[in-house]
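Here's work01.cif, which has mmCIF, C-alpha atoms:
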data_run
loop_
_atom_site.label_atom_id
_atom_site.label_comp_id
_atom_site.auth_asym_id
_atom_site.auth_seq_id
_atom_site.Cartn_x
_atom_site.Cartn_y
_atom_site.Cartn_z
CA ALA A 1 0.00 0.00 0.00
CA SER A 2 1.18 3.55 -0.70
CA PRO A 3 1.88 5.89 2.27
CA ALA A 4 -1.38 7.69 1.63
CA SER A 5 -3.52 4.58 1.11
CA PRO A 6 -6.75 4.28 3.10
CA THR A 7 -5.78 0.76 4.20
CA LEU A 8 -2.50 1.93 5.74
CA ALA A 9 -4.28 4.78 7.47
CA GLN A 10 -6.81 2.31 8.89
CA LEU A 11 -4.02 0.07 10.12
CA ASP A 12 -2.26 2.99 11.82
CA ALA A 13 -5.51 3.90 13.54
CA ALA A 14 -6.16 0.31 14.55
CA PHE A 15 -2.71 -0.13 16.06
CA ALA A 16 -3.33 3.02 18.07
CA GLN A 17 -6.48 1.32 19.39
CA PRO A 18 -5.71 -2.44 19.41
CA ALA A 19 -9.30 -3.40 20.18
CA ASN A 20 -10.22 -2.34 16.63
CA LEU A 21 -7.52 -4.41 14.94
CA PRO A 22 -9.32 -7.78 14.71
CA ALA A 23 -12.36 -6.28 13.01
CA LEU A 24 -10.14 -4.44 10.53
CA LEU A 25 -8.12 -7.53 9.68
CA ARG A 26 -11.29 -9.52 9.12
CA SER A 27 -12.64 -6.80 6.82
CA LEU A 28 -9.55 -7.24 4.64
CA LEU A 29 -10.00 -11.02 4.43
CA PRO A 30 -11.99 -13.00 1.89
CA ALA A 31 -15.20 -14.50 3.18
CA ALA A 32 -14.81 -17.45 5.52
CA PRO A 33 -14.75 -20.77 3.65
CA THR A 34 -18.02 -22.63 3.33
CA SER A 35 -16.82 -25.94 1.87
CA PRO A 36 -13.99 -28.34 2.68
CA PRO A 37 -10.65 -27.93 0.89
CA PRO A 38 -9.75 -30.47 -1.81
CA PRO A 39 -8.83 -33.91 -0.47
CA ARG A 40 -5.19 -34.29 0.43
CA SER A 41 -3.00 -36.79 2.20
CA ALA A 42 -3.48 -36.80 5.94
CA ALA A 43 -0.88 -34.82 7.82
CA ARG A 44 1.23 -36.58 10.38
CA ASP A 45 -0.11 -36.13 13.88
CA GLU A 46 2.90 -34.45 15.46
CA GLU A 47 1.29 -34.40 18.88
CA ARG A 48 1.37 -38.18 19.21
CA PHE A 49 4.55 -39.90 20.34
CA ASP A 50 4.13 -42.54 17.63
CA GLY A 51 3.35 -39.82 15.12
CA GLY A 52 2.95 -42.14 12.14
CA LEU A 53 4.67 -42.11 8.78
CA PRO A 54 6.87 -39.13 7.92
CA ARG A 55 5.61 -37.07 5.03
CA GLU A 56 7.03 -37.75 1.62
CA ARG A 57 8.43 -34.64 -0.01
CA TRP A 58 9.51 -35.39 -3.56
CA PRO A 59 10.12 -32.52 -6.01
CA GLY A 60 9.10 -32.19 -9.65
CA GLN A 61 9.21 -35.38 -11.73
CA LEU A 62 9.84 -37.47 -8.64
CA ALA A 63 6.49 -36.39 -7.19
CA ILE A 64 4.73 -37.18 -10.48
CA LEU A 65 6.29 -40.64 -10.66
CA ARG A 66 5.36 -41.33 -7.02
CA GLN A 67 1.77 -40.28 -7.70
CA GLN A 68 1.60 -42.54 -10.76
CA LEU A 69 2.86 -45.47 -8.70
CA GLN A 70 0.28 -44.77 -5.99
CA ILE A 71 -2.50 -44.78 -8.58
CA ALA A 72 -1.23 -48.08 -9.99
CA LEU A 73 -1.20 -49.64 -6.51
CA GLN A 74 -4.71 -48.38 -5.79
CA LYS A 75 -5.85 -50.11 -9.00
CA HIS A 76 -3.95 -53.27 -7.95
CA ASP A 77 -1.99 -52.99 -11.19
CA LEU A 78 1.25 -54.44 -9.83
CA LYS A 79 2.75 -54.86 -13.30
CA ALA A 80 2.46 -51.10 -13.97
CA ALA A 81 3.76 -50.34 -10.48
CA GLN A 82 6.77 -52.58 -11.02
CA ALA A 83 7.50 -50.87 -14.34
CA LEU A 84 7.41 -47.45 -12.64
CA ALA A 85 9.77 -48.63 -9.91
CA ALA A 86 12.15 -50.00 -12.56
CA GLN A 87 11.97 -46.69 -14.41
CA ALA A 88 12.95 -44.89 -11.22
CA GLN A 89 15.89 -47.25 -10.71
CA GLN A 90 17.15 -46.55 -14.21
CA THR A 91 16.54 -42.80 -14.22
CA TYR A 92 17.93 -42.08 -10.74
CA PRO A 93 20.60 -44.79 -10.17
CA ASP A 94 22.47 -42.93 -7.41
CA ALA A 95 19.47 -41.85 -5.34
CA ILE A 96 17.29 -43.66 -2.81
CA TYR A 97 14.26 -43.12 -5.00
CA GLY A 98 14.57 -46.28 -7.09
CA PRO A 99 15.11 -48.82 -4.28
CA TRP A 100 12.57 -47.01 -2.12
CA LEU A 101 9.83 -47.35 -4.76
CA GLN A 102 10.93 -50.92 -5.44
CA GLY A 103 10.46 -51.68 -1.75
CA ILE A 104 6.95 -50.19 -1.79
CA VAL A 105 5.95 -52.41 -4.72
CA GLN A 106 7.45 -55.49 -3.09
CA LEU A 107 5.54 -54.77 0.09
CA ALA A 108 2.35 -54.55 -1.98
CA GLN A 109 3.27 -57.97 -3.39
CA GLN A 110 3.69 -59.32 0.17
CA ASP A 111 7.35 -60.07 -0.56
CA THR A 112 8.78 -58.73 2.69
CA ALA A 113 12.21 -60.33 2.27
CA ALA A 114 12.78 -58.59 -1.08
CA ALA A 115 11.30 -55.36 0.27
CA GLU A 116 13.71 -55.41 3.21
CA GLN A 117 16.63 -55.93 0.82
CA SER A 118 15.50 -52.98 -1.33
CA LEU A 119 15.07 -50.71 1.67
CA HIS A 120 18.53 -51.64 2.97
CA ALA A 121 19.88 -50.59 -0.45
CA ALA A 122 18.04 -47.28 -0.06
CA LEU A 123 19.36 -46.86 3.47
CA ALA A 124 22.93 -47.34 2.25
CA LEU A 125 22.39 -44.31 0.00
CA ALA A 126 20.66 -42.23 2.70
CA PRO A 127 21.49 -43.54 6.19
CA ARG A 128 19.28 -40.96 7.90
CA SER A 129 16.17 -41.29 5.75
CA ARG A 130 13.14 -41.34 8.03
CA LEU A 131 11.01 -42.83 5.28
CA VAL A 132 13.34 -45.78 4.82
CA ILE A 133 13.83 -46.40 8.54
CA THR A 134 10.07 -46.28 9.11
CA GLY A 135 9.54 -48.77 6.29
CA LEU A 136 12.17 -51.13 7.67
CA THR A 137 10.64 -50.88 11.14
CA LYS A 138 7.27 -51.92 9.74
CA ILE A 139 8.83 -54.95 8.04
CA TRP A 140 10.78 -55.99 11.14
CA VAL A 141 7.72 -55.72 13.38
CA GLN A 142 5.61 -57.77 10.94
CA THR A 143 8.16 -60.49 10.25
CA LYS A 144 10.28 -60.85 13.39
CA GLY A 145 8.42 -58.97 16.09
CA ALA A 146 8.70 -55.64 17.90
CA ALA A 147 11.64 -56.74 20.07
CA HIS A 148 13.74 -57.54 16.99
CA ALA A 149 12.79 -54.20 15.44
CA GLY A 150 13.82 -52.42 18.63
CA GLU A 151 17.18 -54.18 18.69
CA GLN A 152 17.93 -53.30 15.05
CA LEU A 153 17.00 -49.67 15.61
CA MET A 154 19.08 -49.48 18.79
CA GLN A 155 22.09 -50.63 16.77
CA MET A 156 21.47 -47.76 14.34
CA ALA A 157 21.17 -45.29 17.22
CA GLU A 158 24.37 -46.50 18.87
CA ALA A 159 26.23 -46.20 15.57
CA ASP A 160 24.96 -42.66 14.94
CA PRO A 161 24.30 -40.94 18.32
CA ASP A 162 23.47 -37.60 16.70
CA PHE A 163 20.54 -39.10 14.76
CA GLY A 164 17.75 -39.37 17.28
CA PHE A 165 15.05 -40.72 14.96
CA ALA A 166 16.35 -44.30 15.12
CA LEU A 167 16.13 -44.18 18.91
CA HIS A 168 12.61 -42.77 18.69
CA MET A 169 11.51 -45.56 16.36
CA ALA A 170 13.09 -48.16 18.67
CA ALA A 171 10.92 -46.85 21.52
CA VAL A 172 7.85 -46.92 19.25
CA ALA A 173 8.64 -50.54 18.32
CA TYR A 174 8.94 -51.54 21.97
CA LEU A 175 5.62 -49.85 22.70
CA LYS A 176 3.97 -51.77 19.87
CA GLY A 177 5.39 -54.91 21.46
CA ARG A 178 3.82 -53.95 24.81
CA GLN A 179 7.19 -53.31 26.42
CA PRO A 180 6.81 -49.80 27.91
CA ALA A 181 9.69 -50.27 30.36
CA GLN A 182 12.04 -51.10 27.48
CA ALA A 183 10.72 -48.12 25.53
CA GLU A 184 11.45 -45.79 28.45
CA ALA A 185 14.92 -47.28 28.92
CA THR A 186 15.59 -46.76 25.22
CA LEU A 187 14.68 -43.08 25.40
CA ARG A 188 16.76 -42.58 28.53
CA ARG A 189 19.67 -44.15 26.65
CA GLY A 190 19.37 -41.17 24.32
CA LEU A 191 20.46 -38.88 27.15
CA GLN A 192 23.59 -41.00 27.66
CA LEU A 193 24.39 -41.00 23.95
CA GLN A 194 24.03 -37.23 23.82
CA ALA A 195 26.38 -36.79 26.76
CA GLY A 196 29.28 -37.90 24.57
CA SER A 197 28.16 -36.01 21.47
CA GLN A 198 30.17 -33.14 20.05
CA SER A 199 26.92 -31.32 19.18
CA PRO A 200 24.39 -32.17 21.93
CA SER A 201 20.77 -31.87 20.86
CA PRO A 202 17.63 -31.25 22.90
CA GLN A 203 15.90 -34.05 20.99
CA PRO A 204 16.25 -36.72 23.74
CA TYR A 205 14.45 -34.39 26.13
CA ARG A 206 11.71 -33.77 23.58
CA GLU A 207 11.27 -37.50 23.06
CA LEU A 208 11.02 -38.23 26.78
CA ALA A 209 8.63 -35.33 27.36
CA ARG A 210 6.35 -36.44 24.50
CA TYR A 211 6.52 -40.04 25.67
CA PHE A 212 5.46 -39.25 29.23
CA LEU A 213 2.80 -36.83 28.04
CA GLU A 214 1.33 -39.63 25.93
CA LEU A 215 1.21 -41.80 29.05
CA ASP A 216 -0.59 -39.04 31.02
CA ARG A 217 2.46 -38.61 33.22
CA ALA A 218 2.49 -34.84 32.83
CA GLY A 219 4.75 -34.26 35.84
CA ASP A 220 7.52 -36.43 34.37
CA ALA A 221 6.96 -34.82 30.98
CA LEU A 222 7.38 -31.36 32.48
CA ASN A 223 10.56 -32.41 34.28
CA PHE A 224 12.29 -33.51 31.08
CA CYS A 225 10.92 -30.54 29.19
CA GLU A 226 12.45 -28.13 31.70
CA GLN A 227 15.76 -30.00 31.63
CA GLY A 228 15.85 -29.66 27.87
CA LEU A 229 15.00 -25.96 28.00
CA GLN A 230 17.88 -25.37 30.40
CA ARG A 231 20.16 -26.56 27.62
CA ALA A 232 18.26 -25.01 24.69
CA PRO A 233 16.03 -22.16 26.01
CA GLN A 234 14.80 -21.20 22.52
CA ASP A 235 14.02 -24.70 21.25
CA ALA A 236 10.60 -24.32 19.61
CA PRO A 237 9.38 -27.94 19.98
CA LEU A 238 10.25 -27.94 23.69
CA LEU A 239 8.50 -24.61 24.20
CA ALA A 240 5.39 -25.98 22.48
CA LEU A 241 5.55 -29.10 24.64
CA ARG A 242 5.82 -27.03 27.82
CA ALA A 243 2.68 -25.14 26.83
CA ARG A 244 0.77 -28.36 26.10
CA ILE A 245 1.89 -29.85 29.42
CA ALA A 246 0.78 -26.78 31.37
CA ALA A 247 -2.60 -26.91 29.62
CA GLN A 248 -2.96 -30.61 30.47
CA LEU A 249 -2.12 -29.80 34.11
CA ARG A 250 -4.88 -27.13 33.98
CA ASP A 251 -2.41 -24.40 34.90
CA THR A 252 -4.02 -21.85 32.63
CA ASP A 253 -1.78 -18.90 33.48
CA ALA A 254 1.36 -20.98 32.91
CA ALA A 255 -0.06 -22.36 29.67
CA ILE A 256 -0.88 -18.89 28.35
CA ALA A 257 2.61 -17.64 29.20
CA ALA A 258 4.17 -20.74 27.62
CA TYR A 259 2.19 -20.39 24.40
CA GLU A 260 3.14 -16.72 24.17
CA LYS A 261 6.80 -17.72 24.62
CA HIS A 262 6.52 -20.38 21.92
CA LEU A 263 4.92 -17.89 19.53
CA SER A 264 7.73 -15.42 20.16
CA VAL A 265 10.08 -18.08 18.75
CA GLN A 266 7.73 -19.65 16.16
CA PRO A 267 5.06 -17.06 15.35
CA ASP A 268 3.66 -19.03 12.38
CA SER A 269 2.51 -21.99 14.52
CA GLN A 270 -1.20 -22.40 13.82
CA ASP A 271 -1.62 -24.94 16.61
CA SER A 272 -0.19 -22.63 19.27
CA ARG A 273 -2.15 -19.62 18.08
CA ALA A 274 -5.35 -21.66 18.17
CA ALA A 275 -4.59 -23.17 21.58
CA LEU A 276 -3.76 -19.75 23.02
CA ALA A 277 -6.95 -18.21 21.63
CA ARG A 278 -8.96 -21.05 23.19
CA LEU A 279 -7.35 -20.40 26.59
CA LEU A 280 -7.92 -16.65 26.40
CA ALA A 281 -11.53 -16.78 25.15
CA PRO A 282 -13.23 -17.55 28.51
CA ARG A 283 -11.44 -14.68 30.25
CA LYS A 284 -13.51 -11.60 30.89
CA ASP A 285 -10.84 -8.90 30.69
CA ALA A 286 -10.71 -6.80 27.54
CA ALA A 287 -7.01 -7.47 26.89
CA ALA A 288 -7.55 -11.23 26.78
CA GLN A 289 -10.58 -10.86 24.49
CA THR A 290 -8.68 -8.57 22.15
CA ARG A 291 -5.68 -10.88 22.02
CA ALA A 292 -7.91 -13.89 21.29
CA LEU A 293 -9.59 -12.10 18.39
CA GLN A 294 -6.24 -10.91 17.05
CA LEU A 295 -5.06 -14.52 17.00
CA LEU A 296 -8.20 -15.58 15.15
CA ALA A 297 -7.69 -12.86 12.58
CA THR A 298 -4.14 -14.08 11.84
CA LEU A 299 -5.38 -17.67 11.61
CA GLU A 300 -8.07 -16.70 9.12
CA VAL A 301 -5.38 -15.13 6.95
CA ASP A 302 -3.66 -18.53 6.89
CA ALA A 303 -6.86 -20.38 5.83
CA PRO A 304 -5.96 -23.40 7.99
CA ASN A 305 -6.65 -26.96 6.79
CA SER A 306 -6.53 -28.55 10.24
CA PRO A 307 -10.01 -29.44 11.56
CA THR A 308 -8.73 -28.83 15.10
CA VAL A 309 -7.70 -25.27 14.22
CA GLN A 310 -10.91 -24.68 12.26
CA ASP A 311 -12.92 -25.91 15.25
CA THR A 312 -11.03 -23.60 17.60
CA ILE A 313 -11.68 -20.58 15.40
CA GLY A 314 -15.39 -21.33 15.38
CA TRP A 315 -15.56 -22.12 19.10
CA VAL A 316 -13.78 -18.92 20.10
CA TYR A 317 -16.00 -16.85 17.82
CA LEU A 318 -19.01 -18.50 19.47
CA GLN A 319 -17.73 -17.58 22.92
CA ALA A 320 -17.24 -14.04 21.64
CA GLY A 321 -20.95 -13.90 20.73
CA GLN A 322 -20.51 -14.20 16.96
CA PRO A 323 -22.51 -17.35 16.09
CA ALA A 324 -22.79 -16.61 12.37
CA ARG A 325 -19.03 -16.46 11.93
CA ALA A 326 -18.65 -19.43 14.26
CA LEU A 327 -20.99 -21.51 12.10
CA ASP A 328 -18.86 -20.92 9.00
CA TRP A 329 -15.81 -22.46 10.64
CA LEU A 330 -17.54 -25.16 12.67
CA LYS A 331 -19.37 -26.49 9.60
CA LEU A 332 -16.03 -26.67 7.81
CA ALA A 333 -14.38 -28.43 10.75
CA ALA A 334 -17.24 -30.96 10.98
CA ALA A 335 -16.99 -31.66 7.24
CA ASN A 336 -13.25 -32.32 7.57
CA ALA A 337 -13.54 -34.39 10.77
CA PRO A 338 -17.00 -36.00 10.64
CA ASP A 339 -16.18 -38.52 13.38
CA ASP A 340 -15.07 -35.97 15.99
CA PRO A 341 -17.85 -35.69 18.61
CA ALA A 342 -16.43 -32.53 20.20
CA ILE A 343 -16.69 -30.65 16.91
CA HIS A 344 -20.31 -31.77 16.50
CA TYR A 345 -21.05 -30.55 20.03
CA HIS A 346 -19.51 -27.16 19.23
CA LEU A 347 -21.51 -26.98 16.01
CA ALA A 348 -24.68 -27.85 17.94
CA SER A 349 -23.91 -25.04 20.38
CA ALA A 350 -23.54 -22.59 17.51
CA TYR A 351 -26.86 -23.67 16.03
CA ALA A 352 -28.50 -23.36 19.46
CA GLN A 353 -27.14 -19.84 19.89
CA SER A 354 -28.45 -19.05 16.40
CA LYS A 355 -31.93 -20.36 17.46
CA ASP A 356 -31.82 -23.24 14.96
CA VAL A 357 -32.97 -25.89 17.43
CA GLY A 358 -33.56 -28.60 14.83
CA ALA A 359 -30.02 -28.42 13.46
CA ALA A 360 -28.65 -28.26 17.01
CA LYS A 361 -30.43 -31.48 17.95
CA VAL A 362 -29.08 -33.25 14.87
CA GLU A 363 -25.49 -32.30 15.71
CA LEU A 364 -25.94 -33.16 19.39
CA LYS A 365 -27.19 -36.62 18.45
CA ARG A 366 -24.08 -37.15 16.34
CA ALA A 367 -21.89 -36.08 19.25
CA LEU A 368 -23.64 -38.15 21.91
CA ASP A 369 -24.04 -41.24 19.72
CA SER A 370 -20.29 -41.37 19.16
CA GLU A 371 -18.35 -44.00 21.07
CA ARG A 372 -15.28 -41.79 21.05
CA PRO A 373 -14.60 -40.02 24.35
CA PHE A 374 -14.62 -36.25 24.48
CA ALA A 375 -14.13 -33.93 27.43
CA GLU A 376 -17.37 -32.00 26.97
CA ARG A 377 -19.80 -34.93 26.94
CA LEU A 378 -21.52 -33.71 30.14
CA GLU A 379 -21.95 -30.24 28.65
CA ALA A 380 -23.40 -31.82 25.51
CA GLN A 381 -25.88 -33.82 27.59
CA ARG A 382 -26.85 -30.68 29.47
CA LEU A 383 -27.45 -28.81 26.21
CA ALA A 384 -29.57 -31.72 24.94
CA ARG A 385 -31.77 -31.49 28.05
CA ASP A 386 -32.10 -27.72 27.66
CA LEU A 387 -33.20 -28.08 24.04
CA MET A 388 -35.92 -30.56 25.05
CA GLN A 389 -37.59 -28.02 27.32
#

Show this structure as structure tokens.
Amino acid sequence: ASPASPTLAQLDAAFAQPANLPALLRSLLPAAPTSPPPPRSAARDEERFDGGLPRERWPGQLAILRQQLQIALQKHDLKAAQALAAQAQQTYPDAIYGPWLQGIVQLAQQDTAAAEQSLHAALALAPRSRLVITGLTKIWVQTKGAAHAGEQLMQMAEADPDFGFALHMAAVAYLKGRQPAQAEATLRRGLQLQAGSQSPSPQPYRELARYFLELDRAGDALNFCEQGLQRAPQDAPLLALRARIAAQLRDTDAAIAAYEKHLSVQPDSQDSRAALARLLAPRKDAAAQTRALQLLATLEVDAPNSPTVQDTIGWVYLQAGQPARALDWLKLAAANAPDDPAIHYHLASAYAQSKDVGAAKVELKRALDSERPFAERLEAQRLARDLMQ
């Protein structure tokens, strides 16, 4: 904008009176989305200790070839898939791409021995490839058991102490084998390996904090998180973990301060902005309300794909007395996460506040009929009783 532009003048005025900033930012945004974004591969759930498969990030022609192979596998056309893997081997002989795709095809053919051999060839070319190590872990668990997988991964970790992912996957394997004590010992071994490292990393502390948080041992999680932050005070993942732990411990003031600290280091984190807005929304003071709405305005600029973030935007708008805007986001969240009962409860609440009792009852039924646990089930039951009166 030019120095004399009306928009810049409005921004200057809004910054002079911060309470006006959220409304101005929203006026500059496109309308809130009313339909789900195009289907895309599910993002890894970073909040879980066993966060699932790493994302594949192939550029250009590699991405096209990978997509073609995926389509062939979906059609059960193993001959075409094999031809694509062979093409990758020939075109990219010095990269992991060929043996990696070959391993995928062999797994689809249930030939685990050949797949393991192919993935070992890929690992020789890229010893720290998370994709390859995850694939090998899956094969080991299926063919020789979780304990064997853990042992193989521990050997990798001992040979390369600065690469913490192998240690993480060893702990995941032991958990899958119902050996939590061995998983914990494995993660603690990471602290010992780091002690002799020339470039110590906070990763072992992150792993232990996430592990204990997953087990609902928030006190132990906080202990390791604080130890890690003593060594790396600006480590963004540890700061995010500390905020999540404080929220789980219901220490709202500490959680708010921790999220603000994390955002000072990683301001683009959608999850932390959403979590902070959710914590601030119930507060009655004007500063908290203004900050919550500012966070929503920045999230709307990002057009988030995460149903959790979409749900938070809608829920906070509902608590701010804006049911129409809340409905836009809660409908979107429910479309993207149709099995999440908490989102359906929030959507029901928005319909109830908008005086659409019929729609509210429909969404409440979906929430209460779900077998999945959610923290607000009692509130949902209470709303259902109120709507029957």

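Applied to the shown file, the PyMOL selection byres ((chain A and resi 306-309) around 9) selects the residues Ala43, Gln270, Asp271, Arg273, Ala274, Ala275, Leu299, Pro304, Asn305, Gln310, Asp311, Thr312, Ile313, Gly314, Leu330, Leu332, Ala333, Ala334, Ala335, Asn336, Ala337 and Ile343 of chain A.
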
Contacts of region 182-190 of chain A within 8 Å, only C-alpha atoms, excl. fewer than 5 positions in-chain, as a list in words: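 Answer for this query is Met154, Pro161, Gly164, Leu167, His168, Ala170, Ala171, Val172, Ala173, Tyr174, Leu175, Pro204, Glu207 and Leu208 of chain A.
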
Residues within 12 Å of Asp386 (chain A), only C-alpha atoms, excluding chain neighbours under 4 positions, as a list in words: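 In the requested form, the answer reads Ser349, Ala352, Val357, Ala360, Lys361, Leu364, Glu379, Ala380, Gln381 and Arg382 of chain A.
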
10 Å contact set for Phe224 (chain A), all atoms listed in the file, chain neighbours under 6 positions out, as a PyMOL selection string: chain A and resi 204-210+212+230+238+242

Selection result for the PyMOL selection byres ((chain A and resi 257) around 12) on this file, as a list in words: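 Selection result, ordered by chain and number: Leu239, Ala240, Arg242, Ala243, Arg244, Ala246, Ala247, Asp251, Thr252, Asp253, Ala254, Ala255, Ile256, Ala258, Tyr259, Glu260, Lys261, His262, Leu263, Ser264, Ser272, Ala275, Leu276, Leu279 and Leu280 of chain A.
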
A:Ala326, A:Asp268, A:Ala287, A:Ala157 ranked by distance to Asp302 (chain A), top pick (using only C-alpha atoms):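 Closest residue, counting only C-alpha atoms: A:Asp268.
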
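Under the PyMOL selection byres ((chain A and resi 96-100) around 7), the matching residues in the shown file are Ala85, Ala88, Gln89, Tyr92, Pro93, Asp94, Ala95, Leu101, Gln102, Gly103, Ile104, Ser118, Leu119, Ala121, Ala122, Leu125 and Ala126 of chain A.
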